[in-house]
Each structure stands twice: as C-alpha cells, then as structure tokens.
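**Q** Input file: upload.txt. Contents: compact mmCIF, C-alpha atoms and all ligand atoms.
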```
# COMPACT_ATOMS: atom_id res chain seq x y z
CA MET F 16 -29.52 58.01 -13.84
CA ALA F 17 -28.45 56.31 -17.07
CA ASP F 18 -29.67 57.88 -20.33
CA VAL F 19 -32.13 55.02 -20.74
CA THR F 20 -34.89 54.52 -18.17
CA ARG F 21 -35.16 50.83 -17.26
CA TRP F 22 -38.65 49.63 -16.36
CA GLY F 23 -39.91 46.73 -14.32
CA ILE F 24 -43.57 45.85 -14.88
CA LEU F 25 -45.32 44.45 -11.81
CA ALA F 26 -48.21 42.15 -12.96
CA THR F 27 -49.12 40.71 -16.33
CA GLY F 28 -52.79 41.64 -16.73
CA LYS F 29 -54.56 43.57 -19.51
CA ILE F 30 -53.12 47.04 -18.90
CA ALA F 31 -49.61 45.67 -18.36
CA HIS F 32 -49.65 44.34 -21.93
CA THR F 33 -50.96 47.61 -23.40
CA PHE F 34 -48.39 49.59 -21.44
CA ALA F 35 -45.52 47.33 -22.59
CA THR F 36 -46.61 47.81 -26.22
CA ASP F 37 -46.32 51.60 -25.86
CA LEU F 38 -43.10 51.31 -23.85
CA ALA F 39 -41.51 49.57 -26.85
CA VAL F 40 -42.11 52.65 -29.06
CA THR F 41 -41.03 55.28 -26.51
CA PRO F 42 -37.47 56.46 -27.18
CA GLY F 43 -35.10 56.34 -24.21
CA HIS F 44 -37.02 53.62 -22.36
CA GLU F 45 -36.61 49.88 -22.13
CA LEU F 46 -38.41 46.99 -20.50
CA ALA F 47 -35.78 45.48 -18.19
CA ALA F 48 -37.94 42.98 -16.30
CA VAL F 49 -41.42 41.75 -15.53
CA GLY F 50 -42.77 40.11 -12.39
CA SER F 51 -45.85 37.98 -11.87
CA ARG F 52 -47.24 35.87 -9.05
CA ARG F 53 -46.17 32.84 -11.11
CA LEU F 54 -43.11 32.38 -13.28
CA GLU F 55 -44.94 31.08 -16.35
CA PRO F 56 -46.98 34.22 -17.16
CA ALA F 57 -43.89 36.35 -16.46
CA GLN F 58 -41.85 34.33 -18.95
CA ALA F 59 -44.60 34.49 -21.59
CA PHE F 60 -44.89 38.27 -21.06
CA ALA F 61 -41.11 38.72 -21.26
CA GLN F 62 -40.94 36.76 -24.48
CA ARG F 63 -43.81 38.67 -26.07
CA HIS F 64 -42.54 42.13 -25.09
CA GLY F 65 -38.78 41.54 -25.07
CA ALA F 66 -38.00 41.89 -21.36
CA ALA F 67 -34.50 40.88 -20.30
CA ALA F 68 -35.66 39.19 -17.08
CA ALA F 69 -38.81 37.43 -15.87
CA TYR F 70 -39.60 36.72 -12.21
CA GLY F 71 -42.17 34.49 -10.52
CA SER F 72 -42.66 36.91 -7.61
CA TYR F 73 -43.03 40.66 -7.18
CA GLU F 74 -40.32 40.59 -4.48
CA GLU F 75 -37.73 39.30 -6.97
CA LEU F 76 -38.78 41.89 -9.54
CA VAL F 77 -38.31 44.89 -7.25
CA ALA F 78 -34.91 43.52 -6.14
CA ASP F 79 -33.53 43.53 -9.71
CA PRO F 80 -30.61 46.02 -9.74
CA ASP F 81 -31.14 46.66 -13.47
CA VAL F 82 -34.58 48.22 -12.85
CA ASP F 83 -34.96 51.99 -12.16
CA VAL F 84 -38.73 52.33 -11.95
CA ILE F 85 -41.57 49.92 -11.22
CA TYR F 86 -44.92 50.19 -13.02
CA VAL F 87 -47.58 48.86 -10.63
CA ALA F 88 -50.36 47.28 -12.72
CA THR F 89 -52.29 45.21 -10.17
CA PRO F 90 -55.95 45.88 -9.14
CA HIS F 91 -56.43 49.12 -7.13
CA ALA F 92 -56.85 47.29 -3.81
CA LEU F 93 -53.25 46.07 -4.07
CA HIS F 94 -51.51 49.26 -5.24
CA LEU F 95 -50.41 50.35 -1.76
CA GLU F 96 -48.91 46.94 -0.92
CA HIS F 97 -47.06 46.67 -4.23
CA ALA F 98 -45.82 50.26 -4.40
CA ARG F 99 -44.57 49.83 -0.82
CA LEU F 100 -42.55 46.78 -1.95
CA ALA F 101 -40.96 48.88 -4.70
CA PHE F 102 -40.10 51.82 -2.42
CA GLU F 103 -38.59 49.50 0.20
CA ALA F 104 -36.35 48.09 -2.55
CA GLY F 105 -35.27 51.63 -3.49
CA LYS F 106 -37.24 51.86 -6.74
CA HIS F 107 -39.26 54.74 -8.20
CA VAL F 108 -42.95 54.07 -8.92
CA LEU F 109 -45.52 54.77 -11.61
CA CYS F 110 -48.75 53.41 -10.09
CA GLU F 111 -51.93 52.67 -12.02
CA LYS F 112 -55.03 54.76 -11.38
CA PRO F 113 -56.71 55.16 -9.03
CA LEU F 114 -53.60 55.49 -6.86
CA THR F 115 -55.27 53.47 -4.07
CA LEU F 116 -58.75 52.57 -2.78
CA ASN F 117 -59.22 55.59 -0.52
CA ILE F 118 -57.57 58.75 0.79
CA ALA F 119 -56.04 57.08 3.87
CA GLU F 120 -54.16 54.63 1.65
CA ALA F 121 -53.20 57.35 -0.84
CA GLU F 122 -51.76 59.57 1.90
CA GLU F 123 -49.80 56.58 3.21
CA LEU F 124 -48.40 55.92 -0.28
CA VAL F 125 -47.31 59.54 -0.70
CA ARG F 126 -45.76 59.43 2.78
CA LEU F 127 -43.80 56.29 1.82
CA ALA F 128 -42.52 57.91 -1.38
CA ARG F 129 -41.24 60.88 0.62
CA GLU F 130 -39.77 58.72 3.38
CA HIS F 131 -37.80 56.73 0.79
CA ASP F 132 -37.07 59.83 -1.32
CA ARG F 133 -38.43 58.16 -4.46
CA PHE F 134 -40.47 59.39 -7.44
CA LEU F 135 -44.21 58.62 -7.37
CA MET F 136 -46.80 59.35 -10.03
CA GLU F 137 -50.35 58.10 -10.56
CA ALA F 138 -50.67 56.69 -14.08
CA MET F 139 -53.19 59.37 -15.10
CA TRP F 140 -52.06 59.25 -18.73
CA MET F 141 -54.86 61.62 -19.81
CA ALA F 142 -53.02 64.45 -18.02
CA CYS F 143 -49.93 63.77 -20.19
CA ASN F 144 -51.87 63.74 -23.48
CA PRO F 145 -50.72 66.63 -25.73
CA VAL F 146 -54.26 67.35 -27.04
CA VAL F 147 -55.73 67.51 -23.51
CA LEU F 148 -52.87 69.79 -22.44
CA ARG F 149 -53.44 72.07 -25.47
CA ILE F 150 -57.18 72.36 -24.77
CA ALA F 151 -56.61 73.14 -21.08
CA GLU F 152 -54.02 75.81 -21.90
CA ASP F 153 -56.15 77.47 -24.59
CA LEU F 154 -59.15 77.39 -22.28
CA ARG F 155 -57.15 79.13 -19.54
CA SER F 156 -55.96 81.78 -22.00
CA GLY F 157 -59.58 82.63 -22.89
CA ARG F 158 -59.18 81.70 -26.57
CA PHE F 159 -62.35 79.56 -26.48
CA GLY F 160 -64.35 82.04 -24.37
CA VAL F 161 -65.57 81.44 -20.82
CA PRO F 162 -66.23 77.75 -19.99
CA ARG F 163 -69.69 77.21 -18.54
CA HIS F 164 -70.34 73.48 -18.82
CA VAL F 165 -68.19 70.35 -19.17
CA HIS F 166 -69.73 67.02 -20.08
CA ALA F 167 -67.71 63.80 -20.18
CA GLU F 168 -68.81 60.17 -20.25
CA LEU F 169 -66.87 56.94 -20.20
CA GLY F 170 -68.71 53.66 -20.39
CA PHE F 171 -68.36 50.23 -21.89
CA ARG F 172 -70.10 46.97 -21.15
CA VAL F 173 -67.91 44.75 -18.99
CA ASP F 174 -68.59 41.10 -19.81
CA ALA F 175 -66.84 39.26 -17.00
CA GLY F 176 -67.66 37.05 -14.05
CA PRO F 177 -68.25 38.24 -10.47
CA GLU F 178 -64.65 37.32 -9.54
CA ASP F 179 -63.28 39.85 -12.07
CA ARG F 180 -61.66 42.89 -10.44
CA MET F 181 -64.30 45.18 -12.00
CA PHE F 182 -67.15 43.49 -10.09
CA ASN F 183 -65.26 42.33 -7.00
CA PRO F 184 -65.50 44.69 -3.99
CA ASP F 185 -62.42 43.05 -2.44
CA LEU F 186 -60.36 44.28 -5.42
CA GLY F 187 -61.94 47.75 -5.49
CA GLY F 188 -64.54 47.00 -8.19
CA GLY F 189 -66.97 49.58 -9.56
CA ALA F 190 -67.35 52.10 -12.38
CA LEU F 191 -66.48 55.21 -10.36
CA LEU F 192 -62.92 54.25 -9.43
CA ASP F 193 -62.13 52.51 -12.70
CA MET F 194 -63.76 54.87 -15.24
CA GLY F 195 -65.38 57.77 -13.37
CA ILE F 196 -61.94 59.03 -12.39
CA TYR F 197 -61.42 60.14 -16.01
CA PRO F 198 -64.47 62.45 -16.39
CA LEU F 199 -63.77 63.82 -12.89
CA THR F 200 -60.13 64.50 -13.73
CA PHE F 201 -61.06 65.95 -17.12
CA ALA F 202 -63.47 68.43 -15.49
CA HIS F 203 -60.79 69.34 -12.94
CA LEU F 204 -58.18 69.92 -15.68
CA MET F 205 -60.58 72.18 -17.58
CA LEU F 206 -62.35 74.01 -14.73
CA GLY F 207 -60.10 73.69 -11.67
CA PRO F 208 -61.14 72.14 -8.35
CA ALA F 209 -64.85 71.37 -7.83
CA SER F 210 -66.56 73.34 -5.06
CA SER F 211 -69.21 70.62 -4.72
CA LEU F 212 -70.00 67.22 -6.26
CA ALA F 213 -73.14 65.06 -6.08
CA ALA F 214 -73.68 61.52 -7.35
CA VAL F 215 -76.31 58.88 -7.98
CA ALA F 216 -75.54 55.27 -8.89
CA THR F 217 -76.93 51.82 -9.58
CA LEU F 218 -75.20 49.18 -7.49
CA SER F 219 -74.64 45.47 -8.11
CA GLU F 220 -75.75 42.81 -5.62
CA ALA F 221 -72.16 42.69 -4.37
CA GLY F 222 -72.37 46.43 -3.66
CA VAL F 223 -70.18 47.94 -6.37
CA ASP F 224 -71.41 50.75 -8.63
CA LEU F 225 -72.35 49.59 -12.12
CA ASP F 226 -73.43 53.00 -13.37
CA VAL F 227 -72.73 56.37 -11.81
CA ALA F 228 -73.69 59.94 -12.71
CA VAL F 229 -71.97 62.91 -11.07
CA THR F 230 -72.73 66.62 -11.19
CA GLY F 231 -70.18 69.22 -10.16
CA ALA F 232 -70.00 72.96 -9.45
CA TYR F 233 -66.80 74.90 -10.16
CA ALA F 234 -65.35 78.40 -9.86
CA GLY F 235 -67.31 81.19 -11.54
CA GLY F 236 -70.51 79.16 -11.69
CA ALA F 237 -69.28 76.61 -14.25
CA LEU F 238 -70.91 73.17 -14.03
CA ALA F 239 -70.01 69.62 -15.06
CA THR F 240 -71.96 66.44 -15.74
CA MET F 241 -69.99 63.19 -15.69
CA VAL F 242 -71.03 59.59 -16.31
CA ALA F 243 -69.29 56.22 -15.96
CA SER F 244 -70.80 52.85 -16.77
CA MET F 245 -69.89 49.17 -16.75
CA THR F 246 -73.22 48.16 -18.32
CA ALA F 247 -73.53 50.38 -21.40
CA TRP F 248 -71.56 51.75 -24.33
CA SER F 249 -71.48 55.50 -23.85
CA SER F 250 -70.07 57.91 -26.43
CA ARG F 251 -66.76 58.21 -24.56
CA GLU F 252 -66.70 61.82 -25.77
CA ALA F 253 -66.33 65.07 -23.89
CA SER F 254 -67.44 68.61 -24.60
CA ILE F 255 -66.91 72.03 -23.08
CA ALA F 256 -69.63 74.60 -23.76
CA THR F 257 -68.28 78.15 -23.57
CA SER F 258 -69.50 81.72 -24.11
CA LEU F 259 -68.13 81.54 -27.70
CA GLY F 260 -68.96 78.00 -28.79
CA ARG F 261 -68.05 74.43 -27.91
CA VAL F 262 -64.90 72.36 -27.63
CA HIS F 263 -65.65 68.84 -28.84
CA VAL F 264 -63.32 66.01 -27.82
CA PRO F 265 -64.18 62.91 -29.86
CA ALA F 266 -63.79 59.37 -28.54
CA GLN F 267 -61.69 58.44 -26.76
CA PHE F 268 -61.78 61.70 -24.81
CA HIS F 269 -59.33 60.37 -22.23
CA HIS F 270 -56.67 59.84 -24.90
CA PRO F 271 -57.69 61.98 -27.87
CA THR F 272 -55.64 62.30 -31.04
CA HIS F 273 -57.30 65.66 -31.85
CA ALA F 274 -60.29 67.81 -30.90
CA PHE F 275 -62.38 70.62 -32.41
CA PHE F 276 -63.39 74.10 -31.42
CA VAL F 277 -66.84 74.76 -32.90
CA PRO F 278 -67.52 78.53 -32.67
CA ALA F 279 -71.18 79.53 -32.45
CA ASP F 280 -70.79 81.63 -35.59
CA GLY F 281 -68.00 80.02 -37.64
CA GLU F 282 -66.34 76.94 -39.07
CA PRO F 283 -65.00 74.16 -36.77
CA GLU F 284 -61.31 74.51 -36.06
CA ARG F 285 -59.17 71.40 -35.52
CA ILE F 286 -57.11 71.29 -32.31
CA GLU F 287 -53.83 69.36 -32.32
CA GLY F 288 -51.37 68.73 -29.52
CA ASP F 289 -47.96 70.40 -29.46
CA GLY F 290 -46.14 67.08 -29.74
CA PRO F 291 -46.86 63.60 -31.07
CA ILE F 292 -49.04 61.02 -29.35
CA ILE F 293 -46.56 58.25 -28.49
CA GLY F 294 -48.12 54.84 -29.07
CA ILE F 295 -51.76 55.29 -28.07
CA GLY F 296 -50.76 57.77 -25.36
CA TYR F 297 -49.19 55.66 -22.64
CA GLY F 298 -45.90 56.61 -24.29
CA ASN F 299 -46.46 60.26 -23.30
CA GLU F 300 -46.91 59.20 -19.67
CA ILE F 301 -43.78 57.00 -19.93
CA ALA F 302 -41.82 59.91 -21.44
CA GLU F 303 -43.00 62.20 -18.63
CA VAL F 304 -41.72 59.75 -15.99
CA GLY F 305 -38.37 59.54 -17.83
CA ARG F 306 -38.13 63.33 -18.06
CA CYS F 307 -38.82 63.70 -14.32
CA LEU F 308 -36.32 61.00 -13.35
CA GLN F 309 -33.60 62.53 -15.55
CA ALA F 310 -34.26 65.89 -13.88
CA GLY F 311 -34.12 64.34 -10.39
CA LEU F 312 -37.77 65.23 -9.62
CA ARG F 313 -39.78 63.27 -7.06
CA GLU F 314 -43.16 64.08 -8.61
CA SER F 315 -44.46 65.16 -12.00
CA PRO F 316 -45.70 68.71 -12.61
CA LEU F 317 -48.20 67.19 -15.09
CA VAL F 318 -49.63 64.76 -12.51
CA PRO F 319 -48.90 66.41 -9.13
CA LEU F 320 -49.51 64.35 -6.02
CA ASP F 321 -51.67 67.08 -4.46
CA ARG F 322 -54.10 66.77 -7.36
CA THR F 323 -54.11 62.97 -7.12
CA LEU F 324 -54.94 63.30 -3.40
CA LEU F 325 -57.64 65.91 -4.04
CA LEU F 326 -59.31 63.65 -6.62
CA MET F 327 -59.02 60.71 -4.21
CA ARG F 328 -60.87 62.73 -1.54
CA GLN F 329 -63.58 63.46 -4.12
CA LEU F 330 -63.85 59.74 -4.95
CA ASP F 331 -64.21 58.92 -1.24
CA ASP F 332 -66.93 61.55 -0.87
CA LEU F 333 -68.79 60.30 -3.97
CA ARG F 334 -68.57 56.68 -2.76
CA ARG F 335 -70.09 57.77 0.56
CA GLN F 336 -72.94 59.42 -1.34
CA ILE F 337 -73.70 56.32 -3.43
CA GLY F 338 -73.13 53.83 -0.60
CA VAL F 339 -70.10 51.93 -1.92
CA ARG F 340 -67.74 50.77 0.84
CA TYR F 341 -64.61 48.65 0.62
CA ALA F 342 -63.08 46.58 3.42
CA ALA F 343 -60.08 48.95 3.38
CA ASP F 344 -62.41 51.82 4.43
CA GLY F 345 -62.49 50.24 7.92
N1 LIG L 401 -54.44 53.53 -17.46
C1 LIG L 401 -55.38 52.82 -18.07
O1 LIG L 401 -55.79 53.12 -19.19
C2 LIG L 401 -55.92 51.62 -17.39
C3 LIG L 401 -56.68 50.72 -18.12
C4 LIG L 401 -57.11 49.57 -17.50
C5 LIG L 401 -56.80 49.37 -16.16
N2 LIG L 401 -56.09 50.28 -15.47
C6 LIG L 401 -55.74 50.07 -14.05
O2 LIG L 401 -54.74 49.06 -13.98
C7 LIG L 401 -54.99 48.19 -12.88
C8 LIG L 401 -55.07 46.76 -13.41
O3 LIG L 401 -56.12 46.65 -14.35
P1 LIG L 401 -56.20 45.45 -15.43
O4 LIG L 401 -57.40 45.73 -16.26
O5 LIG L 401 -54.90 45.24 -16.09
O6 LIG L 401 -56.51 44.22 -14.44
P2 LIG L 401 -56.32 42.65 -14.74
O7 LIG L 401 -56.35 42.37 -16.20
O8 LIG L 401 -57.28 41.96 -13.83
O9 LIG L 401 -54.83 42.37 -14.25
C9 LIG L 401 -54.42 42.58 -12.94
C10 LIG L 401 -53.14 41.78 -12.68
O10 LIG L 401 -52.76 42.00 -11.33
C11 LIG L 401 -52.12 40.86 -10.81
N3 LIG L 401 -52.72 40.47 -9.52
C12 LIG L 401 -52.05 40.36 -8.34
N4 LIG L 401 -52.87 39.97 -7.36
C13 LIG L 401 -54.09 39.82 -7.92
C14 LIG L 401 -55.34 39.42 -7.39
N5 LIG L 401 -55.51 39.11 -6.09
N6 LIG L 401 -56.38 39.35 -8.23
C15 LIG L 401 -56.25 39.68 -9.53
N7 LIG L 401 -55.07 40.08 -10.09
C16 LIG L 401 -54.01 40.14 -9.29
C17 LIG L 401 -52.24 39.75 -11.84
O11 LIG L 401 -50.98 39.66 -12.50
P3 LIG L 401 -50.01 38.40 -12.26
O12 LIG L 401 -50.89 37.20 -12.34
O13 LIG L 401 -49.03 38.51 -13.34
O14 LIG L 401 -49.38 38.54 -10.90
C18 LIG L 401 -53.29 40.27 -12.81
O15 LIG L 401 -53.08 39.83 -14.12
C19 LIG L 401 -56.26 48.71 -12.19
O16 LIG L 401 -55.90 49.50 -11.09
C20 LIG L 401 -56.93 49.57 -13.25
O17 LIG L 401 -57.67 50.67 -12.73
C21 LIG L 401 -55.63 51.39 -16.07
```
Hey, can you dump this file as structure tokens for me?
**A**
Amino acid sequence: MADVTRWGILATGKIAHTFATDLAVTPGHELAAVGSRRLEPAQAFAQRHGAAAAYGSYEELVADPDVDVIYVATPHALHLEHARLAFEAGKHVLCEKPLTLNIAEAEELVRLAREHDRFLMEAMWMACNPVVLRIAEDLRSGRFGVPRHVHAELGFRVDAGPEDRMFNPDLGGGALLDMGIYPLTFAHLMLGPASSLAAVATLSEAGVDLDVAVTGAYAGGALATMVASMTAWSSREASIATSLGRVHVPAQFHHPTHAFFVPADGEPERIEGDGPIIGIGYGNEIAEVGRCLQAGLRESPLVPLDRTLLLMRQLDDLRRQIGVRYAADG
C-alpha cells in the first residue's frame, strides 16, 4: 500500500457528495476517481471535488489501477451488485449502510470479501465517532453508573416523490433500514447485543415503513426505545439513563461533537472525544479504513463484520414484525 489511500467513489448521489467533502479534509487520503451511470454527472462530480478521473460506468471505475478502495454509495438494494463488481476487480470496499437489503445478501457480500481476500466495512460512521467511542468506553468502565435505559430517535421529513429511493420498495425504501439502523446500532454499542426486539410501524401504500418504533431488552435487564421517521422531525438526540444520572447526546446523536454526563446530584460534565472530529465525521470513518488498509487488515475492529451481520439479522426480524418485504427477500 502507498502512504496515501486512493479512493474511487461509486455513484454521485447525495451522500457521495458529502463523503467527498470530508475526504478532501482527511490527511493521507485522496479522491482518485468517480464513476456514475452516465459520464456527465461523473465529470461534474470530479470537477467539483477534484477527482483525477471520471467514468461513465461503474465497471470502468473499478478497473482503474490508480484506485485502492471503492466507496459504494448507491441505494441499499444495489450494494451487493456494486461491491461484487469492486471485489472482482481486486478492490477493497467501504459500503454504505445498511450493508445490503437482508441477511442473505449480507452473508454473500462477506463471503465475497473473504473469497477475494479484500477489506470490507459497512459505512457505519457513528461507530468511528470519537465522542460515541468515549461514551461507550466510559459506560463499560462503570464511570457513569449502571445503564438501565437507552433512548435514541432519528427522524426528518422526507419531501420526495414515490420514485425516490426512500419511498421505493425496489430500492429498499423505508425508515428502518435508512435511519432506524442508527438507534439500533447506538443501543448495541452502549448495551451490547439485544436479547429481544419488538417493533410497530406505519407503512406507506407502497409497503415501506414511514415511521417505526422499536423496543429492546438487553443484558442485565437494561431496555432501549428507538424511533425512526420519514414523516416527522424528531429530536435526533439520544440519552442513556443510569443508576447515577444520565448521559445526554445532543443532535445529531449519530455524529455528535460532544455529549454531557448529568449526574443526579451534581453539575453536568462535558464529554469530548479523544481525537478530533474530521470533517463532520465521515473523515473518521475514512481514516479508519486507511488505518486498516495500511495495517493489512481485512475488516475494521471498530465496525466488525460480525456486528454488521448481527444488526442485519435484527433488521430482518423487525421487518418481518412490521410486514415490510422486499423483492430480494424471495
Ligand atoms: N452514512 C450516511 O450518513 C448516509 C446518509 C445518506 C445515505 N446513506 C446511504 O447511502 C446510500 C445512497 O443514499 P443517497 O441518499 O446518496 O441516495 P441518492 O441521492 O438517491 O443517490 C444514489 C445514487 O446511486 C446511483 N444509482 C445507481 N443505480 C440507481 C438506481 N437504480 N436508482 C437510483 N440511484 C441509482 C446514482 O448515482 P449515478 O447516477 O451517479 O450512477 C444515484 O445518484 C444508501 O444506501 C443510504 O442508506 C448513508
């Protein structure tokens, strides 16, 4: 591996732009190329973000010898297909969340990574955020007392047509997979694996979940309540009630810049991460990929594939409970 990690961005949608903006401020990383289904958006993207090469197909992108790692930024329903392209071309992969639509696809993607001996990580940037890591570590050490209840909610009104990926079942639409994955992952990071989860949801006419509420039970009797919404502006905050007080994670809880511990009998204490937030936080995920690649790792200890698969099984189970099925489910 060269000292600089050379990225190829696959797709030119909303998150691809945000990611490229953070990539530009992450030391040791450069945008080598971008690929789109059409050449024009790829060229516009390359010009805006300073990519050396622009391609009018994903196949040409993954074939570029000056690219080390592909960032897959297409809708979830296409992640398996596009990550497969990258592996077959010998590239490492950072794949947007959720890794795939269901556990069968996720297991296939992990199998492909291992078959091709390539690095694979789900782009769960929250798990690379220094403030989230600090809270989880201090919680484990007992510094905040015994955690009894996690609450996390992520919701914003999505104003888009029925063809948009968020509403389109063919592209894996729905609040649970797009947003609910964050509260679920947050509760897992703070409390460990859930022993049981239950969900209720409001579905659209097309059959995707617009609003979903999940309750979870965890080791030692701890509980979690988690909400995701495409119809309403929730607080986008999280809190952890403990035997000594409360950890408050202000918006945006999935990429916080700081948090507070509010003891029951004392002054609030500010919680900072051990290192800087790079960009708005995608830079920390980018840096983690670079660190793993430099060390020759095939998965990240911060976002292990076993945890990604476990969360994917939970998402499948919750979708069964609320009656959301995708064509890929068979
Ligand atoms: N980590 C985060 O914070 C975060 C935030 C938002 C979204 N995401 C994830 O990132 C992924 C993309 O989300 P997004 O909001 O960027 O979506 P988006 O704006 O709809 O962009 C998706 C891009 O995928 C490409 N694409 C290829 N085939 C497509 C098809 N059949 N229909 C639509 N697009 C197609 C298109 O790029 P070209 O036209 O260039 O080929 C399109 O611009 C999702 O999996 C989502 O969960 C993550």
**Q** With distances taken over all atoms listed in the file, which residue among F:Leu330, F:Val173, F:Ala167, F:Leu25 lies nearest Ala101 of chain F?
**A**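 Closest to Ala101 of chain F of all the choices is F:Leu25.
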**Q** Which of these, F:Gly338, F:Pro278, F:Gly28, F:Pro271, has the shortest distance to ligand LIG 401 (chain L) once you count all atoms listed in the file?
**A**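 Going through F:Gly338, F:Pro278, F:Gly28, F:Pro271 one by one, the smallest distance to ligand LIG 401 (chain L) is for F:Gly28.
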**Q** Please report as a Markdown table every residue of chain F lying within 7 Å of ligand LIG 401 (chain L), along with the nearest atom pair and their distance in Å (one decimal), using all atoms listed in the file.
**A**
```
| residue | atom | partner | partner_atom | distance |
| --- | --- | --- | --- | --- |
| F:Ala26 | CA | L:LIG401 | O13 | 3.8 |
| F:Thr27 | CA | L:LIG401 | O13 | 3.7 |
| F:Gly28 | CA | L:LIG401 | O15 | 3.2 |
| F:Lys29 | CA | L:LIG401 | O5 | 3.8 |
| F:Ile30 | CA | L:LIG401 | O5 | 3.8 |
| F:Ala31 | CA | L:LIG401 | O5 | 5.8 |
| F:Gly50 | CA | L:LIG401 | O13 | 6.5 |
| F:Ser51 | CA | L:LIG401 | O13 | 3.5 |
| F:Arg52 | CA | L:LIG401 | O14 | 3.9 |
| F:Arg53 | CA | L:LIG401 | O12 | 6.5 |
| F:Pro56 | CA | L:LIG401 | O13 | 6.1 |
| F:Ala57 | CA | L:LIG401 | O13 | 6.4 |
| F:Ala88 | CA | L:LIG401 | C7 | 4.7 |
| F:Thr89 | CA | L:LIG401 | O10 | 3.4 |
| F:Pro90 | CA | L:LIG401 | O16 | 4.1 |
| F:His91 | CA | L:LIG401 | O16 | 4.0 |
| F:Leu93 | CA | L:LIG401 | N4 | 6.9 |
| F:Glu111 | CA | L:LIG401 | O2 | 5.0 |
| F:Lys112 | CA | L:LIG401 | O17 | 5.1 |
| F:Pro113 | CA | L:LIG401 | O17 | 5.9 |
| F:Ala138 | CA | L:LIG401 | N1 | 6.0 |
| F:Met139 | CA | L:LIG401 | N1 | 6.4 |
| F:Trp140 | CA | L:LIG401 | N1 | 6.3 |
| F:Asp179 | CA | L:LIG401 | O8 | 6.6 |
| F:Arg180 | CA | L:LIG401 | O8 | 5.6 |
| F:Leu186 | CA | L:LIG401 | N6 | 6.9 |
| F:Asp193 | CA | L:LIG401 | O17 | 4.8 |
```
**Q** Please write as a list of chain:residue names the list of polymer residues whose atoms come within 9 Å of (-36.4, 46.2, -16.2), counting all atoms listed in the file and keeping to the coordinates of the file.
**A** F:Thr20, F:Arg21, F:Trp22, F:Gly23, F:Ile24, F:Glu45, F:Leu46, F:Ala47, F:Ala48, F:Val49, F:Ala66, F:Ala67, F:Ala68, F:Leu76, F:Asp79, F:Pro80, F:Asp81, F:Val82, F:Asp83, F:Val84, F:Ile85
**Q** By how many Å are atom CA of Asp37 of chain F and atom CA of Met141 of chain F apart?
**A** 14.5 Å
**Q** For atom CA of Arg261 of chain F and atom CA of Arg285 of chain F, determine how far apart the two atoms are, in Å to one decimal place.
**A**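 Distance between the two atoms: 12.1 Å.
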**Q** Which residues, written as a list in words, have at least one atom at most 9 Å from segment 160-164 of chain F, with only C-alpha atoms counted and residues fewer than 5 positions away on the same chain left out?
**A**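 Returned residues: Leu154, Arg155, Met205, Leu206, Gly235, Gly236, Ala237, Leu238, Ala239, Thr240, Ser254, Ile255, Ala256, Thr257, Ser258, Leu259, Gly260 and Arg261 of chain F.
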**Q** What is the atom CA of Glu74 of chain F to atom CA of Gln58 of chain F distance in Å?
**A**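 Separation of atom CA of Glu74 of chain F and atom CA of Gln58 of chain F: 15.8 Å.
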**Q** Hey, which of F:Gly207, F:Gly222, F:Gly157, F:Gly195 ends up closest to Asn183 of chain F? Count only C-alpha atoms.
**A**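 Under the stated criterion, the closest residue is F:Gly222.
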**Q** Which one is closest to Val339 of chain F: F:Ser315, F:Thr41, F:Ser211, F:Thr217? Count all atoms listed in the file.
**A**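 Closest residue, counting all atoms listed in the file: F:Thr217.
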**Q** With distances taken over only C-alpha atoms, which of F:Glu314, F:Asp18, F:Asp344, F:Glu252 is nearest to Leu169 of chain F?
**A**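 Looking only at the distances to Leu169 of chain F, the closest residue turns out to be F:Glu252.
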**Q** Might you pull out every residue within 12 Å of segment 128-137 of chain F, with all atoms listed in the file counted and same-chain residues fewer than 5 positions away left off, and present them as a compact mmCIF listing (two decimals) with C-alpha atoms, in the frame of the given file?
**A**
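Output file around_22.txt is given in full below:
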```txt
# COMPACT_ATOMS: atom_id res chain seq x y z
CA ASP F 83 -34.96 51.99 -12.16
CA VAL F 84 -38.73 52.33 -11.95
CA ILE F 85 -41.57 49.92 -11.22
CA TYR F 86 -44.92 50.19 -13.02
CA VAL F 87 -47.58 48.86 -10.63
CA ALA F 88 -50.36 47.28 -12.72
CA HIS F 91 -56.43 49.12 -7.13
CA HIS F 94 -51.51 49.26 -5.24
CA LEU F 95 -50.41 50.35 -1.76
CA ALA F 98 -45.82 50.26 -4.40
CA ARG F 99 -44.57 49.83 -0.82
CA LEU F 100 -42.55 46.78 -1.95
CA ALA F 101 -40.96 48.88 -4.70
CA PHE F 102 -40.10 51.82 -2.42
CA GLU F 103 -38.59 49.50 0.20
CA ALA F 104 -36.35 48.09 -2.55
CA GLY F 105 -35.27 51.63 -3.49
CA LYS F 106 -37.24 51.86 -6.74
CA HIS F 107 -39.26 54.74 -8.20
CA VAL F 108 -42.95 54.07 -8.92
CA LEU F 109 -45.52 54.77 -11.61
CA CYS F 110 -48.75 53.41 -10.09
CA GLU F 111 -51.93 52.67 -12.02
CA LYS F 112 -55.03 54.76 -11.38
CA PRO F 113 -56.71 55.16 -9.03
CA LEU F 114 -53.60 55.49 -6.86
CA THR F 115 -55.27 53.47 -4.07
CA ALA F 121 -53.20 57.35 -0.84
CA GLU F 122 -51.76 59.57 1.90
CA GLU F 123 -49.80 56.58 3.21
CA ALA F 142 -53.02 64.45 -18.02
CA CYS F 143 -49.93 63.77 -20.19
CA ILE F 196 -61.94 59.03 -12.39
CA GLU F 300 -46.91 59.20 -19.67
CA ILE F 301 -43.78 57.00 -19.93
CA GLU F 303 -43.00 62.20 -18.63
CA VAL F 304 -41.72 59.75 -15.99
CA GLY F 305 -38.37 59.54 -17.83
CA ARG F 306 -38.13 63.33 -18.06
CA CYS F 307 -38.82 63.70 -14.32
CA LEU F 308 -36.32 61.00 -13.35
CA GLN F 309 -33.60 62.53 -15.55
CA ALA F 310 -34.26 65.89 -13.88
CA GLY F 311 -34.12 64.34 -10.39
CA LEU F 312 -37.77 65.23 -9.62
CA ARG F 313 -39.78 63.27 -7.06
CA GLU F 314 -43.16 64.08 -8.61
CA SER F 315 -44.46 65.16 -12.00
CA PRO F 316 -45.70 68.71 -12.61
CA LEU F 317 -48.20 67.19 -15.09
CA VAL F 318 -49.63 64.76 -12.51
CA PRO F 319 -48.90 66.41 -9.13
CA LEU F 320 -49.51 64.35 -6.02
CA ASP F 321 -51.67 67.08 -4.46
CA ARG F 322 -54.10 66.77 -7.36
CA THR F 323 -54.11 62.97 -7.12
CA LEU F 324 -54.94 63.30 -3.40
CA LEU F 326 -59.31 63.65 -6.62
CA MET F 327 -59.02 60.71 -4.21
```
**Q** Step by step, gather every atom of segment 175-181 of chain F that the file lists, find the box along x, y and z that holds them, add 6 Å on each side, and finally give centre and edge lengths in Å to one decimal, as AutoDock Vina command-line options.
**A**
```
--center_x -65.0 --center_y 41.1 --center_z -13.3 --size_x 18.6 --size_y 20.1 --size_z 19.5
```
**Q** Could you check the closest approach to Ala92 of chain F for each of F:Tyr73, F:Trp248, F:Tyr341, F:Phe159 and tell me which residue wins, using all atoms listed in the file?
**A** F:Tyr341
**Q** Could you name the residues that touch Met241 of chain F at 10 Å or less, counting only C-alpha atoms, but leaving out those on the same chain fewer than 5 positions away, as a ChimeraX atom specification?
**A** /F:165-169,195-199,201-202,214,227-231,253
